[in-house]
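**Q** Contents of data_36.txt (compact mmCIF, C-alpha atoms) are given next:
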```txt
# COMPACT_ATOMS: atom_id res chain seq x y z
CA MET B 1 -35.56 15.81 -6.34
CA ALA B 2 -32.90 14.65 -4.05
CA SER B 3 -35.30 13.44 -1.42
CA THR B 4 -37.11 11.14 -3.81
CA GLU B 5 -33.83 9.71 -4.97
CA ASP B 6 -32.86 9.42 -1.35
CA ASP B 7 -36.09 7.60 -0.55
CA SER B 8 -35.69 5.34 -3.54
CA LYS B 9 -32.21 4.42 -2.37
CA GLN B 10 -33.53 3.70 1.10
CA GLN B 11 -36.34 1.66 -0.38
CA SER B 12 -33.94 -0.29 -2.51
CA ILE B 13 -31.97 -1.07 0.62
CA LEU B 14 -35.14 -2.22 2.39
CA GLN B 15 -36.19 -4.32 -0.59
CA THR B 16 -32.84 -6.02 -0.81
CA GLN B 17 -33.01 -6.59 2.89
CA ASN B 18 -36.41 -8.27 2.51
CA SER B 19 -35.15 -10.49 -0.26
CA LEU B 20 -32.13 -11.15 1.89
CA ASP B 21 -34.30 -12.33 4.76
CA ASN B 22 -35.80 -14.93 2.47
CA GLN B 23 -32.41 -15.97 1.30
CA GLN B 24 -30.98 -15.98 4.78
CA GLN B 25 -32.43 -19.35 5.60
CA SER B 26 -30.96 -20.99 2.54
CA VAL B 27 -27.62 -19.28 2.01
CA ASP B 28 -25.81 -17.56 4.80
CA LYS B 29 -23.02 -15.86 2.90
CA SER B 30 -24.89 -13.78 0.32
CA ALA B 31 -25.04 -10.66 2.44
CA GLY B 32 -22.17 -8.93 0.70
CA VAL B 33 -23.73 -8.78 -2.75
CA PRO B 34 -26.48 -6.19 -2.13
CA LEU B 35 -24.05 -3.94 -0.32
CA GLY B 36 -21.58 -4.26 -3.15
CA ASP B 37 -24.24 -3.33 -5.69
CA PHE B 38 -25.37 -0.43 -3.58
CA VAL B 39 -21.86 0.91 -3.26
CA LEU B 40 -21.47 0.66 -7.03
CA GLN B 41 -24.68 2.64 -7.49
CA LEU B 42 -23.20 5.36 -5.34
CA GLU B 43 -20.75 6.26 -8.07
CA ASP B 44 -23.49 7.96 -10.09
CA TYR B 45 -25.40 9.46 -7.21
CA SER B 46 -24.19 12.66 -5.61
CA PRO B 47 -25.68 13.29 -2.17
CA THR B 48 -26.96 16.66 -1.08
CA ILE B 49 -24.11 17.03 1.39
CA PRO B 50 -21.04 17.61 -0.81
CA ASP B 51 -18.19 15.13 -0.77
CA SER B 52 -15.67 17.70 0.36
CA VAL B 53 -17.74 18.79 3.35
CA THR B 54 -18.27 15.22 4.53
CA GLY B 55 -14.63 14.50 3.85
CA TYR B 56 -13.55 17.49 5.91
CA TYR B 57 -15.53 16.43 8.95
CA LEU B 58 -14.43 12.81 8.57
CA ASN B 59 -10.80 13.88 8.41
CA ARG B 60 -11.23 15.74 11.66
CA ALA B 61 -12.40 12.50 13.22
CA GLY B 62 -9.40 10.54 11.97
CA PHE B 63 -11.08 8.85 9.03
CA ASP B 64 -8.84 8.06 6.08
CA ALA B 65 -11.17 8.40 3.09
CA CYS B 66 -9.44 6.76 0.17
CA ASP B 67 -12.61 5.69 -1.64
CA PRO B 68 -15.08 8.52 -2.39
CA ARG B 69 -17.91 6.00 -2.37
CA ILE B 70 -17.45 5.43 1.33
CA THR B 71 -17.68 9.19 1.89
CA ARG B 72 -20.90 9.24 -0.11
CA LEU B 73 -22.26 6.33 1.90
CA ILE B 74 -21.70 8.25 5.12
CA SER B 75 -23.15 11.49 3.75
CA LEU B 76 -26.18 9.53 2.58
CA ALA B 77 -26.60 8.03 6.03
CA ALA B 78 -26.36 11.51 7.58
CA GLN B 79 -28.95 12.79 5.10
CA LYS B 80 -31.27 9.96 6.00
CA PHE B 81 -30.85 10.70 9.70
CA ILE B 82 -31.64 14.39 9.29
CA SER B 83 -34.49 13.73 6.86
CA ASP B 84 -36.10 11.31 9.28
CA ILE B 85 -35.97 13.81 12.11
CA ALA B 86 -37.25 16.66 9.93
CA ASN B 87 -40.03 14.42 8.64
CA ASP B 88 -41.11 13.66 12.16
CA ALA B 89 -41.07 17.38 12.94
CA LEU B 90 -43.22 17.97 9.85
CA GLN B 91 -45.73 15.42 11.03
CA HIS B 92 -45.81 17.11 14.42
CA SER B 93 -46.42 20.52 12.86
CA LYS B 94 -49.15 19.10 10.61
CA MET B 95 -50.87 17.52 13.59
CA ARG B 96 -50.61 20.82 15.39
CA SER B 97 -51.96 22.86 12.47
CA SER B 98 -54.77 20.43 11.68
CA GLY B 99 -55.81 20.46 15.31
CA GLN B 100 -55.73 24.23 15.57
CA SER B 101 -57.26 25.54 12.35
CA MET B 102 -59.95 23.36 10.85
CA LYS B 103 -61.49 26.31 9.00
CA LYS B 104 -58.62 26.76 6.59
CA HIS B 105 -58.90 23.75 4.33
CA GLY B 106 -56.57 25.14 1.72
CA LYS B 107 -53.02 24.03 2.06
CA ASP B 108 -51.11 25.83 4.76
CA LYS B 109 -49.09 28.43 2.97
CA LYS B 110 -45.96 28.40 5.00
CA MET B 111 -44.49 25.40 6.72
CA THR B 112 -41.85 26.63 9.10
CA LEU B 113 -39.53 24.40 11.04
CA GLN B 114 -39.77 25.49 14.61
CA MET B 115 -38.22 24.39 17.86
CA GLU B 116 -41.59 23.41 19.30
CA ASP B 117 -41.93 20.78 16.54
CA LEU B 118 -38.35 19.71 16.60
CA THR B 119 -38.16 19.09 20.34
CA PRO B 120 -40.75 16.26 20.50
CA ALA B 121 -39.35 14.77 17.27
CA LEU B 122 -35.91 14.62 18.81
CA ALA B 123 -37.29 13.33 22.08
CA GLU B 124 -38.47 10.21 20.24
CA TYR B 125 -34.88 9.60 19.22
CA GLY B 126 -33.69 10.07 22.76
CA ILE B 127 -32.11 13.47 22.10
CA ASN B 128 -33.31 15.99 24.65
CA VAL B 129 -32.73 19.59 23.68
CA LYS B 130 -33.49 22.51 25.90
CA LYS B 131 -32.95 25.79 24.15
CA PRO B 132 -33.91 29.10 25.69
CA ALA B 133 -36.82 30.61 23.86
CA TYR B 134 -35.31 34.07 24.08
CA PHE B 135 -31.85 35.39 24.72
CA VAL B 136 -31.30 36.75 28.18
CA MET M 1 -14.29 25.59 18.12
CA ALA M 2 -14.81 29.28 17.94
CA THR M 3 -15.36 29.31 14.23
CA ASP M 4 -17.95 26.53 14.20
CA HIS M 5 -20.62 28.27 16.20
CA PRO M 6 -22.37 31.25 14.72
CA VAL M 7 -21.83 34.71 16.07
CA VAL M 8 -24.65 35.26 18.50
CA GLY M 9 -27.57 37.09 17.02
CA THR M 10 -26.39 37.26 13.43
CA GLY M 11 -26.43 33.61 12.37
CA LEU M 12 -23.20 34.04 10.41
CA THR M 13 -20.24 31.74 10.66
CA SER M 14 -16.83 32.12 9.12
CA ASN M 15 -16.25 28.37 8.69
CA PRO M 16 -16.93 27.58 4.98
CA TRP M 17 -17.70 23.94 5.65
CA ARG M 18 -20.26 24.87 8.23
CA ARG M 19 -21.87 27.15 5.73
CA SER M 20 -21.95 24.41 3.09
CA LEU M 21 -23.51 22.10 5.64
CA LYS M 22 -26.11 24.77 6.34
CA MET M 23 -26.91 24.89 2.62
CA ALA M 24 -27.22 21.13 2.45
CA VAL M 25 -29.50 20.90 5.49
CA SER M 26 -31.64 23.72 4.14
CA ALA M 27 -31.92 21.89 0.83
CA LEU M 28 -33.04 18.75 2.65
CA LEU M 29 -35.71 20.72 4.50
CA MET M 30 -36.91 22.28 1.25
CA ASP M 31 -37.23 18.81 -0.27
CA LEU M 32 -39.42 17.71 2.58
CA GLY M 33 -41.80 20.60 2.04
CA TYR M 34 -40.67 23.26 4.45
CA GLN M 35 -40.54 26.81 3.17
CA ALA M 36 -38.91 28.41 6.15
CA ALA M 37 -37.05 27.37 9.23
CA ASP M 38 -36.46 28.81 12.62
CA CYS M 39 -32.90 29.96 13.06
CA MET M 40 -32.40 28.02 16.26
CA ALA M 41 -34.01 24.86 14.86
CA LEU M 42 -31.84 25.04 11.76
CA GLU M 43 -28.70 25.48 13.83
CA THR M 44 -29.75 22.50 15.94
CA LEU M 45 -30.04 20.34 12.86
CA ILE M 46 -26.69 21.55 11.49
CA GLU M 47 -25.00 20.79 14.78
CA MET M 48 -26.57 17.33 14.80
CA THR M 49 -25.41 16.66 11.25
CA GLN M 50 -21.86 17.66 12.04
CA ALA M 51 -21.84 15.57 15.20
CA TYR M 52 -23.30 12.61 13.32
CA ILE M 53 -20.69 12.69 10.56
CA THR M 54 -17.89 13.11 13.08
CA GLU M 55 -19.15 10.24 15.21
CA VAL M 56 -19.56 7.87 12.25
CA GLY M 57 -16.06 8.75 11.06
CA ARG M 58 -14.54 8.17 14.47
CA SER M 59 -16.39 4.95 14.96
CA ALA M 60 -15.57 3.61 11.48
CA SER M 61 -11.87 4.38 11.87
CA SER M 62 -11.91 2.65 15.26
CA PHE M 63 -13.44 -0.44 13.68
CA ALA M 64 -10.79 -0.42 10.98
CA GLU M 65 -8.01 -0.15 13.55
CA LEU M 66 -9.56 -2.99 15.50
CA SER M 67 -9.14 -5.24 12.47
CA GLY M 68 -5.54 -4.19 12.03
CA ARG M 69 -6.13 -1.90 9.07
CA THR M 70 -5.50 1.79 8.56
CA GLN M 71 -7.74 2.27 5.52
CA VAL M 72 -11.43 2.25 6.23
CA MET M 73 -13.55 -0.21 4.30
CA VAL M 74 -17.28 -0.37 3.59
CA SER M 75 -17.81 -3.02 6.26
CA ASP M 76 -16.30 -0.70 8.87
CA CYS M 77 -18.72 2.05 7.86
CA VAL M 78 -21.61 -0.40 8.05
CA MET M 79 -20.59 -1.48 11.52
CA ALA M 80 -20.31 2.15 12.60
CA LEU M 81 -23.77 2.90 11.23
CA VAL M 82 -25.15 -0.12 13.03
CA GLU M 83 -23.64 1.27 16.22
CA MET M 84 -25.49 4.52 15.56
CA GLY M 85 -28.77 2.69 15.12
CA GLU M 86 -29.29 2.61 11.33
CA GLU M 87 -31.13 -0.67 11.14
CA CYS M 88 -31.53 -0.93 7.39
CA LEU M 89 -27.94 -1.94 6.88
CA ASN M 90 -27.51 -4.36 9.72
CA LYS M 91 -27.61 -7.50 7.58
CA MET M 92 -25.03 -6.46 5.05
CA VAL M 93 -21.60 -7.04 6.45
CA HIS M 94 -19.25 -8.85 4.13
CA LYS M 95 -16.02 -10.62 4.85
CA ILE M 96 -12.64 -9.14 4.21
CA LEU M 97 -10.78 -11.11 1.60
CA GLN M 98 -8.27 -13.36 3.24
CA VAL M 99 -5.49 -14.96 1.24
CA GLY M 100 -3.72 -17.90 2.77
CA GLU M 101 -3.69 -18.97 6.38
CA LYS M 102 -2.56 -16.71 9.13
CA LYS M 103 0.37 -18.01 11.16
CA LYS M 104 -0.27 -19.14 14.70
CA HIS M 105 1.18 -17.27 17.64
CA PRO M 106 4.50 -18.51 18.97
CA ALA M 107 4.34 -20.00 22.44
CA HIS M 108 5.42 -16.87 24.28
CA ILE M 109 2.58 -14.71 22.92
CA PRO M 110 -0.81 -14.97 24.70
CA GLU M 111 -3.84 -15.76 22.61
CA HIS M 112 -5.87 -12.65 23.31
CA LEU M 113 -3.44 -10.45 21.40
CA PRO M 114 -4.25 -9.78 17.75
CA ALA M 115 -3.41 -12.48 15.23
CA PHE M 116 -0.70 -12.28 12.60
CA PRO M 117 -1.71 -10.63 9.33
CA ASP M 118 -1.97 -12.59 6.11
CA PRO M 119 1.35 -14.37 5.55
CA HIS M 120 1.93 -12.91 2.10
CA THR M 121 2.24 -9.45 3.59
CA TYR M 122 5.40 -10.08 5.56
CA ILE M 123 6.90 -13.49 4.65
CA LYS M 124 9.29 -13.39 1.74
CA THR M 125 10.44 -16.57 0.02
CA HIS M 126 13.27 -16.22 -2.43
CA CYS M 127 12.30 -17.21 -5.91
CA PHE M 128 15.56 -18.48 -7.32
CA LYS M 129 16.28 -22.09 -8.12
CA GLN M 130 18.53 -24.07 -5.84
CA PRO M 131 21.87 -24.66 -7.62
CA ALA M 132 22.51 -28.28 -8.58
CA ASN M 133 24.58 -29.90 -5.87
CA GLU M 134 24.96 -33.34 -7.36
CA TYR M 135 28.46 -34.21 -8.36
CA GLN M 136 27.52 -35.60 -11.72
CA LEU M 137 25.55 -32.56 -12.82
CA VAL M 138 28.18 -30.15 -11.58
CA ARG M 139 30.89 -32.10 -13.36
CA GLU M 140 28.93 -32.16 -16.58
CA LYS M 141 28.25 -28.45 -16.29
CA ALA M 142 31.92 -27.66 -15.68
CA ALA M 143 33.02 -29.78 -18.61
CA SER M 144 30.54 -28.23 -21.02
CA GLN M 145 31.48 -24.73 -19.87
CA LYS M 146 35.16 -25.48 -20.36
CA ARG M 147 34.49 -26.82 -23.81
CA ASP M 148 32.44 -23.82 -24.76
CA VAL M 149 35.09 -21.43 -23.51
CA GLU M 150 37.82 -23.18 -25.44
CA VAL M 151 35.79 -23.24 -28.64
CA ALA M 152 34.83 -19.61 -28.31
CA LEU M 153 38.37 -18.49 -27.59
CA THR M 154 39.92 -20.40 -30.47
CA ARG M 155 37.30 -19.10 -32.84
CA PHE M 156 37.95 -15.56 -31.68
CA ILE M 157 41.67 -15.81 -32.17
CA ALA M 158 41.17 -17.50 -35.53
CA LYS M 159 38.87 -14.72 -36.67
CA THR M 160 41.09 -11.89 -35.51
CA GLY M 161 44.62 -13.22 -35.96
CA ALA M 162 46.55 -15.04 -38.63
CA THR M 163 45.05 -18.35 -39.74
CA HIS M 164 46.35 -21.41 -41.48
CA SER M 165 43.75 -23.30 -43.43
CA LEU M 166 43.74 -27.04 -43.88
CA PHE M 167 41.98 -27.18 -47.23
CA ARG M 168 43.43 -25.57 -50.26
CA ASP M 169 40.25 -24.48 -51.92
CA ASP M 170 38.11 -23.52 -48.96
CA LYS M 171 39.97 -21.01 -46.85
CA SER M 172 37.28 -20.22 -44.31
CA ALA M 173 36.26 -23.73 -43.26
CA PHE M 174 38.10 -25.09 -40.23
CA PRO M 175 40.61 -22.30 -39.78
CA LEU M 176 43.56 -23.12 -37.62
CA ILE M 177 45.45 -20.56 -35.68
CA ALA M 178 48.68 -19.98 -37.52
CA CYS M 179 51.73 -21.04 -35.61
CA LYS M 180 54.46 -18.44 -35.25
CA PRO M 181 57.79 -20.26 -35.34
CA VAL M 182 60.36 -19.11 -32.79
CA PRO M 183 63.92 -18.61 -34.23
CA LEU M 184 65.68 -20.71 -31.59
CA PRO M 185 63.16 -23.32 -30.49
CA PHE M 186 65.51 -25.21 -28.21
CA LEU M 187 66.16 -22.12 -26.06
CA ALA M 188 62.83 -22.34 -24.27
CA GLY M 189 63.64 -25.80 -23.08
CA LEU M 190 67.12 -24.91 -21.83
CA LEU M 191 66.54 -21.70 -19.97
CA PRO M 192 64.79 -22.08 -16.60
CA ALA M 193 61.48 -20.30 -16.06
CA ASP M 194 61.38 -17.31 -13.73
CA SER M 195 58.67 -18.72 -11.53
CA GLN M 196 60.48 -21.85 -10.56
CA MET M 197 63.51 -22.16 -8.28
CA PRO M 198 65.96 -24.34 -10.15
CA VAL M 199 66.98 -27.61 -8.57
CA LEU M 200 70.73 -28.28 -7.99
CA ASP M 201 71.18 -30.66 -10.94
CA GLU M 202 70.09 -28.02 -13.44
CA SER M 203 73.11 -25.88 -12.77
CA GLY M 204 75.36 -28.18 -14.81
CA SER M 205 73.47 -27.63 -18.04
CA ASP M 206 73.32 -23.87 -17.59
CA GLY M 207 76.90 -23.30 -18.39
CA THR M 208 76.44 -24.19 -22.04
CA GLY M 209 73.45 -21.84 -22.40
CA LYS M 210 73.57 -18.35 -23.86
CA GLN M 211 73.65 -15.13 -21.90
CA GLY M 212 69.90 -14.87 -21.45
CA ARG M 213 69.27 -12.86 -18.38
CA GLY M 214 71.88 -11.99 -15.84
CA SER M 215 69.68 -12.82 -12.95
CA GLN M 216 69.04 -16.27 -14.27
CA LEU M 217 72.69 -17.10 -14.74
CA GLY M 218 73.47 -15.73 -11.38
CA LEU M 219 70.72 -17.91 -10.19
CA GLY M 220 72.33 -20.93 -11.79
CA ILE M 221 75.75 -20.22 -10.29
CA GLY M 222 74.38 -19.34 -6.92
CA ALA M 223 72.49 -22.57 -6.74
CA GLU M 224 75.68 -24.41 -5.94
CA THR M 225 76.28 -22.49 -2.79
CA GLY M 226 72.80 -22.99 -1.45
CA ALA M 227 69.34 -21.64 -1.55
CA ASP M 228 70.03 -18.63 0.65
CA ALA M 229 72.94 -17.40 -1.41
CA SER M 230 70.95 -17.66 -4.59
CA MET M 231 68.18 -15.71 -2.93
CA GLU M 232 70.67 -13.01 -2.01
CA ALA M 233 72.13 -12.86 -5.49
CA GLU M 234 68.74 -12.53 -6.94
CA THR M 235 67.64 -9.82 -4.53
CA ILE M 236 70.79 -7.75 -4.94
CA ASP M 237 70.66 -7.78 -8.68
CA ASN M 238 67.03 -6.78 -8.98
CA PRO M 239 66.64 -3.16 -7.85
CA TYR M 240 62.95 -3.64 -7.10
CA LEU M 241 63.62 -6.36 -4.60
CA VAL M 242 66.06 -4.41 -2.42
CA PRO M 243 64.77 -4.42 1.14
CA ALA M 244 63.40 -1.16 2.43
CA ARG M 245 65.75 1.08 4.39
CA MET M 246 64.17 2.59 7.48
CA ALA M 247 64.70 6.34 7.91
CA LYS M 248 66.80 7.30 10.90
CA SER M 249 64.64 8.72 13.70
CA LYS M 250 65.21 12.47 14.22
CA TRP M 251 64.51 12.56 17.95
CA LYS M 252 66.44 10.61 20.53
```
Any chance you could give the structure as structure tokens?
**A**
Amino acid sequence: MASTEDDSKQQSILQTQNSLDNQQQSVDKSAGVPLGDFVLQLEDYSPTIPDSVTGYYLNRAGFDACDPRITRLISLAAQKFISDIANDALQHSKMRSSGQSMKKHGKDKKMTLQMEDLTPALAEYGINVKKPAYFV
Amino acid sequence: MATDHPVVGTGLTSNPWRRSLKMAVSALLMDLGYQAADCMALETLIEMTQAYITEVGRSASSFAELSGRTQVMVSDCVMALVEMGEECLNKMVHKILQVGEKKKHPAHIPEHLPAFPDPHTYIKTHCFKQPANEYQLVREKAASQKRDVEVALTRFIAKTGATHSLFRDDKSAFPLIACKPVPLPFLAGLLPADSQMPVLDESGSDGTGKQGRGSQLGLGIGAETGADASMEAETIDNPYLVPARMAKSKWK
């Protein structure tokens, strides 16, 4: 599953960062090694967002992508961003459903991403969206 | 852009990249556990993804240009992500490899302008050896070259022309260039050379010489009258040395 791989990559980053904090007091210059290893790991991993799509949008912004690993790094960061927001929206919808229907203890059949979950999730990130509920 | 946003009401877009992005975002939502998504919510997320990628790309390329580079490096991407608020990567910024010391600004350039790039990128030092200027070495070199040239030339002529060998039994060792005897050897000493102007006292000995070349005899006789006359005799006799005659001008 891409998300588990994604999470494992994020966790590996966090773990290396923790080890880095311990090292930071002793050696100040070892920050480049974990990033270098991570970038090397990116050669095998293909993110959910394809390389060509990310490359297309980066080219529109003036980004000269000579190394495909950098493109994958950025697509991975975008994936993480979107996954975090969607995860927050999922938590919101679960809170909402657990508050509303206590009788149905079986798993909720259909989890639907809706604007009423997404709006508070985005508000935590400082993104305020106001979409009309119906087209006028 | 007109093609980026979906046609109202249908959710279709003609931009293939936007559609691929929609697939990717949908896949991410499926991984999280969603089975369905509101059209508007999905479009919101797609728009955010596109804006995020564009902003990171713009920011990373700006960071690269700030450092005087056109190609984006990993550290530029990391800085751009830090700007966007991705905290997990904020400790991992590594140095760009620097080779050699950058040159300092000359006096007329203020300090706040960007520094010179690495010196190896624009300073070229010629990699040939300085030629030896000392008199002794040059003299030695000239002498050895002259010797080598003489040896090589004599060997070449000995190999290709007639040879006269010193030793009776061994013909090939120490070949000497065979001398071609001239029938009248004393003639070369008597007749004056073409390149030299004869001095006045030579004219007396010329009378006994043979009829070699007319110009030379004329030269010998003319030498008595003076240098100019001999010049004239020489020029008149030799058709190639006649002075040029200017063509008469047609118009008056």
**Q** Go through M:Asp76, M:Glu43, M:Asp38, M:Asp169 and flag the residue nearest Ile70 (chain B), using all atoms listed in the file for the distances.
**A** M:Asp76
**Q** If you count all atoms listed in the file, which residues fall within 10 Å of Met84 (chain M), apart from same-chain ones fewer than 4 positions away, as a list in words?
**A**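 Listed by chain and then number, they are Tyr52, Glu55, Val56, Ser59, Val78, Met79 and Ala80 of chain M.
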**Q** Which residues come within 6 Å of Ala61 (chain B), counting all atoms listed in the file, excluding same-chain residues fewer than 2 positions away, as number ranges by chain?
**A** B: 58-59, 63; M: 54, 57-58
**Q** Around all the atoms of region 137-144 of chain M listed in the file, draw an axis-aligned box and extend it by 8 Å on each of the six sides; I want its centre and edge lengths in Å to one decimal, as AutoDock Vina command-line options.
**A**
```
--center_x 29.3 --center_y -30.1 --center_z -16.3 --size_x 23.5 --size_y 20.9 --size_z 25.4
```
**Q** Measure the distance from CA of Lys104 (chain M) to CA of Thr125 (chain M) in Å and round it to one decimal.
**A**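 Distance reported for this atom pair: 18.4 Å.
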**Q** As number ranges by chain, could you give me every residue of chain M near chain B (at most 9 Å apart, counting only C-alpha atoms)?
**A** M: 9, 16-18, 20-21, 23-25, 27-29, 31-42, 44-46, 48-62, 70-74, 77, 81, 86, 88-89, 91-95
**Q** If you measure from CA of Ala89 (chain B) to CA of Gly126 (chain B), what distance in Å do you get, rounded to one decimal?
**A** 14.3 Å
**Q** For the atom pair CA of Ser93 (chain B) and CA of Leu76 (chain B), what is the interatomic distance in Å to one decimal place?
**A** 25.2 Å
